[in-house]
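> Contents are compact mmCIF, C-alpha atoms; file name start_3.txt:
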# COMPACT_ATOMS: atom_id res chain seq x y z
CA MET L 236 46.19 -12.98 15.43
CA ARG L 237 44.07 -15.12 17.68
CA LEU L 238 40.53 -13.88 18.35
CA SER L 239 39.32 -13.33 21.87
CA ARG L 240 36.88 -15.97 23.00
CA PHE L 241 34.38 -13.14 23.60
CA ALA L 242 34.55 -11.97 19.98
CA LYS L 243 32.43 -13.43 17.21
CA SER L 244 33.69 -13.91 13.72
CA ARG L 245 31.78 -12.31 10.83
CA LYS L 246 30.86 -15.77 9.54
CA ALA L 247 29.19 -16.63 12.83
CA ARG L 248 26.78 -13.70 12.67
CA LYS L 249 23.22 -14.38 11.61
CA PRO L 250 22.16 -12.73 8.38
CA PRO L 251 19.82 -9.74 8.78
CA SER L 252 16.12 -10.54 8.86
CA ALA L 253 15.24 -8.18 6.01
CA ALA L 254 15.78 -9.26 2.43
CA SER L 255 18.46 -7.58 0.34
CA PHE L 256 17.63 -6.32 -3.16
CA GLN L 257 19.53 -5.13 -6.18
CA THR L 258 17.78 -2.23 -7.92
CA GLU L 259 18.69 -1.25 -11.45
CA ILE L 260 17.35 1.28 -13.93
CA ILE L 261 15.60 -0.38 -16.87
CA ALA L 262 14.65 2.67 -18.89
CA ASP L 263 13.92 6.39 -18.88
CA ILE L 264 10.85 6.96 -21.05
CA LEU L 265 9.79 10.38 -22.30
CA VAL L 266 6.06 10.94 -22.81
CA PRO L 267 6.05 13.63 -25.52
CA GLU L 268 2.59 15.11 -25.01
CA ARG L 269 3.21 15.48 -21.26
CA ALA L 270 6.84 16.62 -21.56
CA GLU L 271 7.61 14.31 -18.64
CA SER L 272 9.69 11.19 -18.24
CA VAL L 273 9.09 8.01 -16.26
CA ARG L 274 11.98 5.96 -14.90
CA PHE L 275 11.53 2.19 -14.61
CA PHE L 276 13.47 -0.03 -12.23
CA SER L 277 13.99 -3.74 -11.80
CA ARG L 278 14.11 -5.16 -8.28
CA LYS L 279 15.82 -8.50 -7.79
CA VAL L 280 16.41 -10.42 -4.57
CA VAL L 281 20.10 -10.70 -3.74
CA ARG L 282 19.63 -12.33 -0.36
CA PRO L 283 16.25 -13.68 0.80
CA ALA L 284 14.88 -12.55 4.13
CA ARG L 285 15.68 -14.67 7.16
CA PHE L 286 12.36 -16.07 8.33
CA ARG L 287 11.93 -15.30 12.02
CA ARG L 288 9.65 -16.92 14.55
CA PHE L 289 9.15 -13.78 16.63
CA SER L 290 10.21 -10.12 16.69
CA LYS L 291 10.16 -7.09 18.98
CA ARG L 292 7.41 -5.65 16.85
CA ASP L 293 5.22 -8.64 17.70
CA LEU L 294 5.63 -7.71 21.36
CA ARG L 295 4.05 -4.34 20.61
CA GLU L 296 1.44 -5.37 18.06
CA GLY L 297 0.05 -8.31 20.07
CA PRO L 298 -0.97 -6.39 23.22
CA LEU L 299 -2.12 -3.45 21.07
CA ALA L 300 -4.47 -5.73 19.12
CA VAL L 301 -5.91 -7.17 22.36
CA PHE L 302 -6.36 -3.67 23.77
CA TYR L 303 -8.27 -2.42 20.74
CA LEU L 304 -10.43 -5.54 20.70
CA ALA L 305 -11.43 -4.72 24.28
CA VAL L 306 -12.12 -1.08 23.35
CA ALA L 307 -14.28 -2.09 20.37
CA ALA L 308 -16.24 -4.63 22.40
CA ALA L 309 -16.78 -2.63 25.59
CA LEU L 310 -16.78 1.12 24.84
CA PRO L 311 -19.17 3.31 22.82
CA VAL L 312 -18.09 4.54 19.39
CA ARG L 313 -17.80 8.16 20.51
CA TRP L 314 -14.84 7.20 22.69
CA TRP L 315 -12.89 5.34 20.03
CA ALA L 316 -11.20 8.26 18.23
CA PRO L 317 -10.11 10.07 21.46
CA ILE L 318 -8.58 6.82 22.74
CA CYS L 319 -6.61 6.37 19.49
CA ASP L 320 -5.39 9.97 19.72
CA ARG L 321 -4.21 9.41 23.28
CA VAL L 322 -2.50 6.07 22.62
CA SER L 323 -0.73 7.44 19.50
CA LYS L 324 1.18 9.88 21.71
CA PHE L 325 2.72 7.24 23.99
CA ARG L 326 5.76 6.70 21.73
CA LEU L 327 5.71 10.11 20.04
CA LYS L 328 9.31 11.01 20.88
CA ARG L 329 10.60 7.79 19.36
CA HIS L 330 8.54 8.28 16.20
CA LEU L 331 9.78 11.86 15.89
CA LEU L 332 13.37 10.68 16.24
CA LYS L 333 13.15 7.80 13.76
CA GLU L 334 10.52 8.81 11.20
CA PHE L 335 9.73 12.51 11.26
CA SER L 336 12.67 13.95 9.32
CA GLY L 337 12.05 11.74 6.28
CA TYR L 338 8.29 12.26 6.49
CA ALA L 339 8.65 16.05 6.72
CA ALA L 340 11.00 16.17 3.73
CA ALA L 341 8.63 14.03 1.64
CA THR L 342 5.45 15.90 2.49
CA ARG L 343 7.02 19.33 1.99
CA ALA L 344 8.46 18.27 -1.35
CA VAL L 345 5.01 17.26 -2.58
CA LEU L 346 2.72 19.77 -0.85
CA GLY L 347 5.07 22.74 -0.43
CA ASP L 348 7.02 24.25 2.45
CA GLY L 349 3.95 26.01 3.81
CA ILE L 350 2.44 22.89 5.36
CA ASP L 351 2.69 22.04 9.06
CA ALA L 352 4.59 18.76 8.74
CA ARG L 353 4.60 18.14 12.50
CA LYS L 354 0.81 18.45 12.68
CA LEU L 355 0.39 16.11 9.69
CA PHE L 356 2.78 13.59 11.23
CA GLU L 357 0.95 13.47 14.55
CA ALA L 358 -2.36 13.14 12.68
CA LEU L 359 -0.90 10.19 10.72
CA LEU L 360 0.13 8.44 13.94
CA ALA L 361 -3.44 8.79 15.22
CA ALA L 362 -4.82 7.54 11.87
CA ARG L 363 -2.59 4.48 12.06
CA HIS L 364 -4.05 3.65 15.47
CA ARG L 365 -7.57 4.17 14.15
CA ARG L 366 -6.64 1.66 11.47
CA HIS L 367 -5.91 -0.90 14.21
CA LEU L 368 -9.21 -0.16 15.93
CA LEU L 369 -11.03 -0.32 12.59
CA LEU L 370 -9.95 -3.96 12.30
CA ALA L 371 -10.95 -4.64 15.90
CA ALA L 372 -14.37 -3.09 15.26
CA HIS L 373 -15.01 -5.54 12.42
CA VAL L 374 -14.09 -8.41 14.74
CA ALA L 375 -15.69 -7.43 18.03
CA ALA L 376 -18.20 -4.58 17.58
CA GLY L 377 -21.36 -6.33 16.44
CA ARG L 378 -23.66 -3.29 16.41
CA TRP L 379 -21.22 -0.90 14.76
CA ALA L 380 -22.55 0.26 11.38
CA PRO L 381 -20.65 3.16 9.79
CA THR L 382 -21.83 5.02 6.72
CA ILE L 383 -19.77 4.00 3.67
CA ARG L 384 -20.27 5.98 0.46
CA LEU L 385 -18.98 4.85 -2.92
CA GLU L 386 -18.36 7.35 -5.72
CA GLY L 387 -17.49 6.48 -9.32
CA PHE L 388 -19.37 3.18 -9.41
CA GLU L 389 -21.19 4.07 -12.63
CA GLY L 390 -17.93 4.30 -14.57
CA LEU L 391 -16.82 0.92 -13.25
CA ARG L 392 -20.14 -0.68 -14.12
CA SER L 393 -20.02 0.77 -17.65
CA ALA L 394 -16.54 -0.66 -18.16
CA LEU L 395 -17.67 -4.11 -17.01
CA GLU L 396 -20.49 -4.01 -19.53
CA ARG L 397 -17.80 -4.15 -22.24
CA GLY L 398 -16.95 -7.63 -20.95
CA HIS L 399 -13.15 -7.41 -20.58
CA GLY L 400 -12.85 -7.07 -16.80
CA ALA L 401 -11.37 -4.26 -14.72
CA ILE L 402 -8.29 -3.58 -12.63
CA ILE L 403 -8.67 -1.28 -9.62
CA TRP L 404 -5.36 0.25 -8.57
CA CYS L 405 -5.73 1.06 -4.85
CA ASP L 406 -3.86 3.76 -2.95
CA GLN L 407 -2.45 3.11 0.50
CA PHE L 408 -4.72 5.26 2.63
CA THR L 409 -5.44 4.01 6.14
CA ALA L 410 -9.07 3.04 5.42
CA GLN L 411 -8.48 1.37 2.06
CA THR L 412 -7.49 -2.07 3.30
CA ILE L 413 -10.87 -2.96 4.78
CA ILE L 414 -13.35 -0.18 3.98
CA GLY L 415 -12.40 0.01 0.30
CA LYS L 416 -13.11 -3.70 -0.18
CA ARG L 417 -16.29 -3.43 1.89
CA ALA L 418 -17.55 -0.52 -0.23
CA LEU L 419 -17.16 -2.51 -3.44
CA HIS L 420 -18.70 -5.61 -1.87
CA GLU L 421 -21.77 -3.70 -0.69
CA ALA L 422 -22.13 -2.30 -4.23
CA GLY L 423 -22.28 -5.84 -5.61
CA ILE L 424 -18.68 -6.13 -6.87
CA ALA L 425 -17.10 -9.54 -6.19
CA ALA L 426 -13.44 -8.60 -6.43
CA HIS L 427 -10.22 -10.62 -6.36
CA GLN L 428 -7.32 -9.17 -4.34
CA VAL L 429 -3.68 -9.59 -5.37
CA SER L 430 -1.79 -10.06 -2.12
CA VAL L 431 1.34 -11.51 -0.51
CA ASN L 432 1.56 -14.27 2.08
CA THR L 433 2.92 -11.82 4.69
CA HIS L 434 0.04 -9.35 4.29
CA GLY L 435 -0.62 -7.66 7.62
CA VAL L 436 1.48 -6.14 10.38
CA SER L 437 4.14 -8.82 10.82
CA GLU L 438 6.36 -11.09 8.73
CA THR L 439 7.28 -13.55 11.47
CA ALA L 440 5.84 -17.03 12.00
CA PHE L 441 4.01 -15.83 15.13
CA GLY L 442 2.75 -12.69 13.42
CA MET L 443 1.48 -14.48 10.33
CA ARG L 444 -0.43 -16.98 12.44
CA PHE L 445 -1.89 -14.73 15.16
CA LEU L 446 -1.54 -11.05 14.18
CA ASN L 447 -2.12 -11.07 10.42
CA ARG L 448 -4.88 -13.66 10.29
CA PRO L 449 -7.66 -11.45 11.74
CA MET L 450 -7.00 -8.80 9.08
CA VAL L 451 -6.96 -11.36 6.28
CA ASP L 452 -10.16 -13.00 7.57
CA VAL L 453 -12.00 -9.66 7.77
CA GLU L 454 -10.87 -8.63 4.28
CA ASN L 455 -11.89 -12.01 2.87
CA ARG L 456 -15.49 -11.34 3.93
CA TYR L 457 -15.61 -8.75 1.15
CA LEU L 458 -13.61 -10.59 -1.52
CA LYS L 459 -14.39 -13.34 -3.98
CA SER L 460 -10.83 -14.65 -3.71
CA ARG L 461 -7.31 -13.70 -2.70
CA ILE L 462 -4.51 -14.20 -5.23
CA VAL L 463 -1.35 -14.72 -3.17
CA PHE L 464 1.69 -13.44 -5.01
CA ASP L 465 4.76 -15.67 -5.00
CA ARG L 466 7.92 -14.04 -6.34
CA ASP L 467 9.26 -17.46 -7.35
CA ASP L 468 6.16 -18.31 -9.36
CA ALA L 469 4.93 -15.01 -10.75
CA TYR L 470 3.96 -16.64 -14.04
CA GLN L 471 1.14 -18.65 -12.44
CA VAL L 472 -0.20 -15.51 -10.75
CA THR L 473 -0.15 -13.70 -14.09
CA ILE L 474 -2.06 -16.53 -15.76
CA ARG L 475 -4.71 -16.46 -13.03
CA ILE L 476 -5.17 -12.68 -13.25
CA ARG L 477 -5.54 -12.85 -17.03
CA LYS L 478 -8.14 -15.60 -16.65
CA ILE L 479 -10.16 -13.53 -14.18
CA LEU L 480 -10.07 -10.50 -16.48
CA LYS L 481 -11.05 -12.65 -19.45
CA GLU L 482 -14.10 -13.78 -17.44
CA ASN L 483 -14.98 -10.09 -16.85
CA GLY L 484 -13.84 -10.14 -13.24
CA VAL L 485 -12.50 -7.31 -11.08
CA VAL L 486 -8.94 -7.46 -9.74
CA LEU L 487 -7.71 -5.23 -6.90
CA MET L 488 -4.03 -4.31 -6.84
CA THR L 489 -2.46 -2.19 -4.09
CA ASN L 490 0.07 0.42 -5.07
CA THR L 491 3.11 -1.22 -3.49
CA ILE L 492 6.53 -1.67 -5.09
CA HIS L 493 7.56 -4.45 -2.71
CA ALA L 494 5.88 -7.49 -4.26
CA GLY L 495 6.72 -7.21 -7.95
CA SER L 496 10.00 -7.25 -9.81
CA THR L 497 9.60 -3.84 -11.50
CA PHE L 498 8.32 -0.43 -10.49
CA ALA L 499 8.35 3.15 -11.75
CA GLU L 500 9.54 6.49 -10.40
CA VAL L 501 7.88 9.74 -11.40
CA ALA L 502 7.80 13.37 -10.24
CA ILE L 503 4.90 14.41 -8.01
CA GLY L 504 3.83 17.74 -6.57
CA GLY L 505 6.25 20.62 -6.24
CA SER L 506 9.58 18.81 -6.09
CA GLY L 507 8.83 15.29 -4.87
CA TRP L 508 9.24 11.84 -6.36
CA THR L 509 6.97 8.87 -5.89
CA HIS L 510 7.24 5.18 -6.70
CA LEU L 511 4.40 3.32 -8.36
CA ALA L 512 3.87 -0.37 -9.03
CA SER L 513 4.05 -1.11 -12.75
CA ALA L 514 2.01 -4.35 -12.76
CA PRO L 515 -1.48 -2.75 -12.92
CA ALA L 516 -0.45 -0.54 -15.84
CA ASN L 517 1.23 -3.49 -17.54
CA PHE L 518 -1.95 -5.62 -17.43
CA ALA L 519 -4.01 -2.73 -18.80
CA ALA L 520 -1.49 -1.94 -21.55
CA ARG L 521 -1.25 -5.55 -22.75
CA GLY L 522 -4.97 -6.35 -22.76
CA LYS L 523 -8.44 -4.87 -22.98
CA ALA L 524 -9.18 -4.61 -19.26
CA ALA L 525 -10.26 -1.21 -17.96
CA LEU L 526 -7.97 0.45 -15.40
CA PHE L 527 -9.26 2.51 -12.48
CA ALA L 528 -7.68 4.09 -9.43
CA MET L 529 -9.26 3.97 -5.98
CA SER L 530 -8.81 5.91 -2.76
CA THR L 531 -10.76 5.45 0.46
CA PHE L 532 -10.95 8.21 3.06
CA GLU L 533 -12.06 8.40 6.65
CA THR L 534 -14.20 11.56 6.67
CA VAL L 535 -15.55 11.21 10.24
CA PRO L 536 -13.61 8.69 12.38
CA PHE L 537 -15.52 5.42 12.77
CA ARG L 538 -18.74 7.00 11.48
CA ASP L 539 -18.38 8.07 7.84
CA TYR L 540 -16.13 6.82 5.04
CA LEU L 541 -15.82 7.77 1.39
CA ALA L 542 -14.52 5.34 -1.25
CA VAL L 543 -13.74 7.00 -4.58
CA VAL L 544 -13.23 5.09 -7.82
CA SER L 545 -11.64 7.38 -10.38
CA PRO L 546 -12.83 7.80 -13.95
CA GLU L 547 -11.27 5.17 -16.19
CA LEU L 548 -7.56 5.81 -16.76
CA LEU L 549 -7.39 6.23 -20.54
CA PRO L 550 -4.04 7.22 -22.07
CA ALA L 551 -3.79 9.39 -25.14
CA THR L 552 -2.93 6.36 -27.30
CA SER L 553 -5.56 3.63 -27.27
CA VAL L 554 -4.70 0.12 -26.19
CA THR L 555 -5.85 -1.31 -29.52
CA GLU L 556 -3.56 1.07 -31.37
CA ALA L 557 -0.38 0.34 -29.44
CA GLY L 558 -0.84 -2.36 -26.82
CA MET L 559 2.44 -4.15 -27.56
CA ALA L 560 5.61 -3.53 -29.48
CA PRO L 561 6.09 -5.51 -32.73
CA ASP L 562 8.51 -7.95 -31.12
CA GLY L 563 6.12 -8.73 -28.25
CA ALA L 564 7.96 -6.57 -25.72
CA LYS L 565 6.25 -4.05 -23.45
CA ASN L 566 5.19 -0.77 -25.02
CA MET L 567 7.04 1.44 -22.55
CA VAL L 568 5.57 4.73 -23.80
CA LEU L 569 2.02 3.45 -23.31
CA LEU L 570 2.99 2.06 -19.91
CA SER L 571 4.40 5.46 -18.97
CA ARG L 572 1.14 7.18 -19.95
CA TYR L 573 -0.75 4.94 -17.55
CA ILE L 574 1.80 5.68 -14.81
CA LEU L 575 1.38 9.44 -15.25
CA LEU L 576 -2.40 9.17 -15.15
CA LYS L 577 -2.15 7.21 -11.91
CA ARG L 578 0.28 9.80 -10.50
CA ASP L 579 -2.20 12.59 -11.29
CA GLN L 580 -4.99 10.75 -9.45
CA LEU L 581 -2.77 10.01 -6.45
CA LEU L 582 -1.73 13.66 -6.16
CA GLU L 583 -5.32 14.86 -6.14
CA ALA L 584 -6.29 12.23 -3.57
CA LEU L 585 -3.48 12.95 -1.13
CA LYS L 586 -4.22 16.68 -1.21
CA LEU L 587 -7.63 15.89 0.31
CA TYR L 588 -6.44 13.79 3.26
CA PRO L 589 -2.61 13.81 3.35
CA GLU L 590 -2.53 12.66 6.98
CA GLN L 591 -4.17 9.35 5.98
CA LEU L 592 -1.61 8.32 3.35
CA LEU L 593 0.54 5.53 4.78
CA VAL L 594 3.47 5.58 2.36
CA TRP L 595 5.27 8.60 0.91
CA SER L 596 8.41 8.69 -1.21
CA GLY L 597 10.76 11.64 -0.87
CA ARG L 598 12.46 14.79 -2.05
CA GLN L 599 15.31 12.96 -3.77
CA ARG L 600 15.29 10.42 -6.57
CA LEU L 601 16.05 6.81 -5.75
CA THR L 602 19.30 6.98 -7.70
CA GLU L 603 20.35 10.07 -5.73
CA PHE L 604 19.67 8.65 -2.30
CA ARG L 605 19.69 4.86 -2.48
CA SER L 606 20.67 4.28 1.13
CA ALA L 607 17.54 5.86 2.60
CA GLY L 608 14.93 4.34 0.33
CA PRO L 609 11.37 5.63 0.29
CA ALA L 610 10.20 7.65 3.27
CA THR L 611 7.21 5.99 4.86
CA GLY L 612 4.63 6.97 7.39
CA GLY L 613 3.85 3.43 8.46
CA GLU L 614 3.49 -0.12 7.34
CA ALA L 615 2.30 -0.88 3.88
CA SER L 616 -1.16 -2.21 3.50
Output the structure of this file as structure tokens.

Amino acid sequence: MRLSRFAKSRKARKPPSAASFQTEIIADILVPERAESVRFFSRKVVRPARFRRFSKRDLREGPLAVFYLAVAAALPVRWWAPICDRVSKFRLKRHLLKEFSGYAAATRAVLGDGIDARKLFEALLAARHRRHLLLAAHVAAGRWAPTIRLEGFEGLRSALERGHGAIIWCDQFTAQTIIGKRALHEAGIAAHQVSVNTHGVSETAFGMRFLNRPMVDVENRYLKSRIVFDRDDAYQVTIRIRKILKENGVVLMTNTIHAGSTFAEVAIGGSGWTHLASAPANFAARGKAALFAMSTFETVPFRDYLAVVSPELLPATSVTEAGMAPDGAKNMVLLSRYILLKRDQLLEALKLYPEQLLVWSGRQRLTEFRSAGPATGGEAS
């Protein structure tokens, strides 16, 4: 049958802009002393993302960035938080329609049905806007000087005295991206950040050049270097990280499952499931580097921040005892112990300031609800 001239064939359609992945279960590992299991997944690209020059999101993020730059430059600090609260309500109905159901299910699964999910969700929207203004403040507000406290530094310093470097596994709270790095920098830690070339709010050509660059530039003030992760050349990134750790350096890794090729799924809270990157645990399990977790909280908006470095994550079995299987493969039980320790730290952190956590998982396991994927409260950092 002949097609109408107004119809388009399937071959003529442009591929979707988002990449397509194939996710497979690698292993289910039981940790005997915890009576818990950790499920590991591989994540392979089936179809690369279509690189776009511009997107509808850029139309929102560009004017919003300019607006917050003007606020940071012209208005006193006491007005900043109320302005973010007001602006966060402009598209509230749309956010409730698109995001709230998944967010409510995830938060209730972790924290219990007694929480006010709607109140938490609206607080998260406001925190996301404060995150935008936080960046603008570092660019335009010359006299702004918040109080930034760092806890747990002594444990990190003691680990570095052993001479094998340290990995800091950072949680995705709204203040972590900039304030967490700044806290370490002001404490004298010259850290290296593992990142991706699309780090920021946009993955388009326009966004990477104009919207993401201010964030990257501000973060780089507080870093010794940025290690840009390339999925096609992960080996070179691995070599560089190992070299830094060998030289007793500090490497920051964000808890995101999107950059690497493997990740883990583990139970959290009452009946929830969360996904954790496996790379930080893998580096710690295969070498002598110390592993820490880090969460950064906004205690008083734009005035007081608290960065917390956890005690060293030390599994029941020492690294020297079982760092690698006899055939050179990963020791999955040891890796799972690190994952569970990280899960415990994350759970305690999110109970303190749940409205500031950007990314949640959900009530169902990934294998039970593949089509929805992880429930998120905003962009990943």
> Would you list the contacts of stretch 450-453 of chain L as a tab-separated table (two decimals) with C-alpha atoms, in the frame of the given file, taking every protein, DNA or RNA residue within 12 Å and counting all atoms listed in the file, but skipping same-chain residues closer than 2 positions in sequence?

chain	number	residue	atom	x	y	z
L	300	ALA	CA	-4.47	-5.73	19.12
L	366	ARG	CA	-6.64	1.66	11.47
L	367	HIS	CA	-5.91	-0.90	14.21
L	368	LEU	CA	-9.21	-0.16	15.93
L	369	LEU	CA	-11.03	-0.32	12.59
L	370	LEU	CA	-9.95	-3.96	12.30
L	371	ALA	CA	-10.95	-4.64	15.90
L	372	ALA	CA	-14.37	-3.09	15.26
L	373	HIS	CA	-15.01	-5.54	12.42
L	374	VAL	CA	-14.09	-8.41	14.74
L	375	ALA	CA	-15.69	-7.43	18.03
L	412	THR	CA	-7.49	-2.07	3.30
L	413	ILE	CA	-10.87	-2.96	4.78
L	414	ILE	CA	-13.35	-0.18	3.98
L	416	LYS	CA	-13.11	-3.70	-0.18
L	417	ARG	CA	-16.29	-3.43	1.89
L	428	GLN	CA	-7.32	-9.17	-4.34
L	430	SER	CA	-1.79	-10.06	-2.12
L	431	VAL	CA	1.34	-11.51	-0.51
L	432	ASN	CA	1.56	-14.27	2.08
L	433	THR	CA	2.92	-11.82	4.69
L	434	HIS	CA	0.04	-9.35	4.29
L	435	GLY	CA	-0.62	-7.66	7.62
L	436	VAL	CA	1.48	-6.14	10.38
L	437	SER	CA	4.14	-8.82	10.82
L	442	GLY	CA	2.75	-12.69	13.42
L	443	MET	CA	1.48	-14.48	10.33
L	444	ARG	CA	-0.43	-16.98	12.44
L	445	PHE	CA	-1.89	-14.73	15.16
L	446	LEU	CA	-1.54	-11.05	14.18
L	447	ASN	CA	-2.12	-11.07	10.42
L	448	ARG	CA	-4.88	-13.66	10.29
L	455	ASN	CA	-11.89	-12.01	2.87
L	456	ARG	CA	-15.49	-11.34	3.93
L	457	TYR	CA	-15.61	-8.75	1.15
L	458	LEU	CA	-13.61	-10.59	-1.52
L	460	SER	CA	-10.83	-14.65	-3.71
L	461	ARG	CA	-7.31	-13.70	-2.70
L	463	VAL	CA	-1.35	-14.72	-3.17
L	616	SER	CA	-1.16	-2.21	3.50
> Find the residues near L:Arg475: any atom within 12 Å, counting all atoms listed in the file, skip ones fewer than 4 places away on the same chain, and give them as a list in words.
His427, Gln428, Val429, Ser460, Arg461, Ile462, Val463, Phe464, Asp468, Ala469, Tyr470, Gln471, Ile479, Leu480, Lys481, Glu482, Gly484 and Val486 of chain L
> Let me see the file: selected residues, C-alpha atoms, as a compact mmCIF listing (two decimals), in the coordinates of the input.

# COMPACT_ATOMS: atom_id res chain seq x y z
CA HIS L 427 -10.22 -10.62 -6.36
CA GLN L 428 -7.32 -9.17 -4.34
CA VAL L 429 -3.68 -9.59 -5.37
CA SER L 460 -10.83 -14.65 -3.71
CA ARG L 461 -7.31 -13.70 -2.70
CA ILE L 462 -4.51 -14.20 -5.23
CA VAL L 463 -1.35 -14.72 -3.17
CA PHE L 464 1.69 -13.44 -5.01
CA ASP L 468 6.16 -18.31 -9.36
CA ALA L 469 4.93 -15.01 -10.75
CA TYR L 470 3.96 -16.64 -14.04
CA GLN L 471 1.14 -18.65 -12.44
CA ILE L 479 -10.16 -13.53 -14.18
CA LEU L 480 -10.07 -10.50 -16.48
CA LYS L 481 -11.05 -12.65 -19.45
CA GLU L 482 -14.10 -13.78 -17.44
CA GLY L 484 -13.84 -10.14 -13.24
CA VAL L 486 -8.94 -7.46 -9.74
> Work out how far apart atom CA of L:Ile503 and atom CA of L:Asp579 are and give it in Å to one decimal.
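Separation between atom CA of L:Ile503 and atom CA of L:Asp579: 8.0 Å.
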> Can you tell me how far atom CA of L:Leu360 sits from atom CA of L:Val535, in Å to one decimal?
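Here the two named atoms are 16.3 Å from each other.
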> My list of candidates is L:Asn483, L:Thr409, L:Thr534, L:Thr473. Which is closest to L:Ala425 when distances are computed with all atoms listed in the file?
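For L:Ala425, the nearest of the candidates is L:Asn483.
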> Rounded to one decimal place, report the atom CA of L:Thr439-atom CA of L:Arg288 distance in Å.
5.1 Å
> Would you list the contacts of L:Leu548 as a list of chain:residue names, taking every protein, DNA or RNA residue within 8 Å and counting only C-alpha atoms, but skipping same-chain residues closer than 6 positions in sequence?
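Answer for this query is L:Ala525, L:Leu526, L:Phe527, L:Ala528, L:Tyr573, L:Leu576, L:Lys577.
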> Enclose all atoms of stretch 446-463 of chain L listed in the file in an axis-aligned box, grow every side by 8 Å, and hand back centre and edge lengths in Å to one decimal, as JSON.

{"center_x": -8.5, "center_y": -11.7, "center_z": 4.5, "size_x": 30.3, "size_y": 22.1, "size_z": 35.4}
> Of the candidates L:Ala344, L:Ala380, L:Ala410, L:Val273, which shows the shortest atom-to-atom distance to L:Arg363, using all atoms listed in the file?
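Among L:Ala344, L:Ala380, L:Ala410, L:Val273, it is L:Ala410 that comes nearest to L:Arg363.
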> For the point (8.0, 21.8, -3.0) in file coordinates, what residues are within 7 Å, counting only C-alpha atoms? Give the answer as a PyMOL selection string?
chain L and resi 343-348+504-507
> From the set L:Ser290, L:Thr342, L:Thr489, L:Ser530, which residue has the shortest atom-to-atom contact distance to L:Phe441, counting all atoms listed in the file?
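Result for the nearest residue to L:Phe441: L:Ser290.
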> Excluding L:Arg326 and residues on its chain fewer than 5 positions from it, collect all residues at most 12 Å away from it, counting all atoms listed in the file, and give them as a list in words.
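Near neighbours after the sequence-gap exclusion: Arg295, Asp320, Arg321, Leu331, Leu332, Lys333, Glu334, Glu357, Leu360 and Ala361 of chain L.
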> Quick one: of L:Pro311, L:Pro589, L:Gly297, L:Gly400, who's nearest to L:Gly377, counting only C-alpha atoms?
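When distances to L:Gly377 are compared using only C-alpha atoms, the smallest one comes from L:Pro311.
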> Counting only C-alpha atoms, write as a VMD selection string all protein and nucleic acid residues lying at most 8 Å from (10.7, -2.6, -12.9) in the file's frame.
chain L and resid 260 to 261 275 to 278 495 to 499 513
> From the list L:Phe286, L:Phe537, L:Tyr588, L:Phe518, which residue is nearest L:Pro381 when using only C-alpha atoms?
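Between L:Phe286, L:Phe537, L:Tyr588, L:Phe518, the residue approaching L:Pro381 most closely is L:Phe537.
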